[in-house]
Amino acid sequence: MLPIALDILAQANAPAAQPAGSLAGAALFYAFALFCVGAALTVAFSKNIVRMAVALMFALVGIAGLYFLLNAEFLAAVQLVIYTGGTLILMIFGVMLTSRKAVSRFQPKRGEYVLAILIAAVLLGTLTLAITRWTSANPSPVVAQTEHDPYALSNLGQALLGDYLIPFELASVLLLTVMIGAAYLARGRRETS
Amino acid sequence: MLTITLTHYLVLAATIFAAGVLTIMLKRNAIGILMGVELVLNAANINLVAFNYFQHPGTPAQPLLTGQIFAIFIIVIAAAEAAVALAIFLNFYNNFATVDVERATEMRG
């Protein structure tokens, strides 16, 4: 199932169709985009924390699909494994460990709702305006991308263990520190006599 | 309209960013706020990968992957942040029996 899906994505991403000029590429982009935006808005407006977690999962999976369209196959796999497989499970554990009663008490007031939506809409409008102005002033060069092998990971691996070796090692130190720190913070309450 | 450009990806990322900010503003549950933060970080990642793809792809023989590598580091840091934040929330829950952020004003000392 998955290899077939990967093949379809690779064909939609075929060199002749670059940069994403084909009908299939555009249709896939709009499908993933609508999916992501719908899921992200569900996260924002859902009142149930479990439903929010499920919607967040859908948004993350849709973003992984977008990474496929951008020729970032490894990143898409990382997104699926770490985000939807790891971080989200962690959050669902957090939800289960911290919700004792029905979780419907965390409601903002009506005025706060209106203010928040207003702020978000102004933010989105400003960003869109800035983006369209900037991109019309600085059009992307149309890059002739030939011969893209969707399964070639060696370049990414060589970059991670070459130019970016020190950040790569620092990330492992960070993860170790975080693991110890999180275990220390979340330890059971010590019984003090 | 049918040619997907950098603008399409940037506007999509801006929309997800705005939804994340909206989530942060609307939720009082600390874990809900963390979910909003994840949406914001993902919007940033889309921007990085899209800029990498449209502006600096390099050559086919020697592709430039800076944006993708930064996105990978952001994912790692987001995972670390989620772990630490959830540990803090669990600790808070142990002390206050709630994860309502309005109660966090009592957390001094």
# chains A, B, ... in the order shown; residues from 1 in each chain; ligands from 1
>>> select_by_dssp(residues="chain B", states="helix (DSSP H, G or I)", output="MDAnalysis selection string")
chainID B and resid 6:26 30:54 66:96 101:106
>>> residues_around(residues="Leu123 of chain A", least_positions_apart="2", cutoff="10 Å", atoms="only C-alpha atoms", output="ChimeraX atom specification")
/A:117-121,125-129 /B:14-15,17-18,21-22
>>> residues_around(residues="Ala72 of chain A", least_positions_apart="2", cutoff="12 Å", atoms="only C-alpha atoms", output="count of residues only")
42
>>> interface_residues(of="chain B", to="chain A", cutoff="7 Å", atoms="only C-alpha atoms", output="PyMOL selection string")
chain B and resi 2-4+7+10-12+14-16+18-23+25-29+31-32+50+53-55+60+65+68+72+79-80+82-84+86-88+90-91+93+98-100
>>> atom_distance(atom1="atom CA of Leu165 of chain A", atom2="atom CA of Ile75 of chain B")
16.8 Å
>>> atom_distance(atom1="atom CA of Val76 of chain B", atom2="atom CA of Val173 of chain A")
11.4 Å
>>> atom_distance(atom1="atom CA of Asn94 of chain B", atom2="atom CA of Ile74 of chain B")
29.8 Å
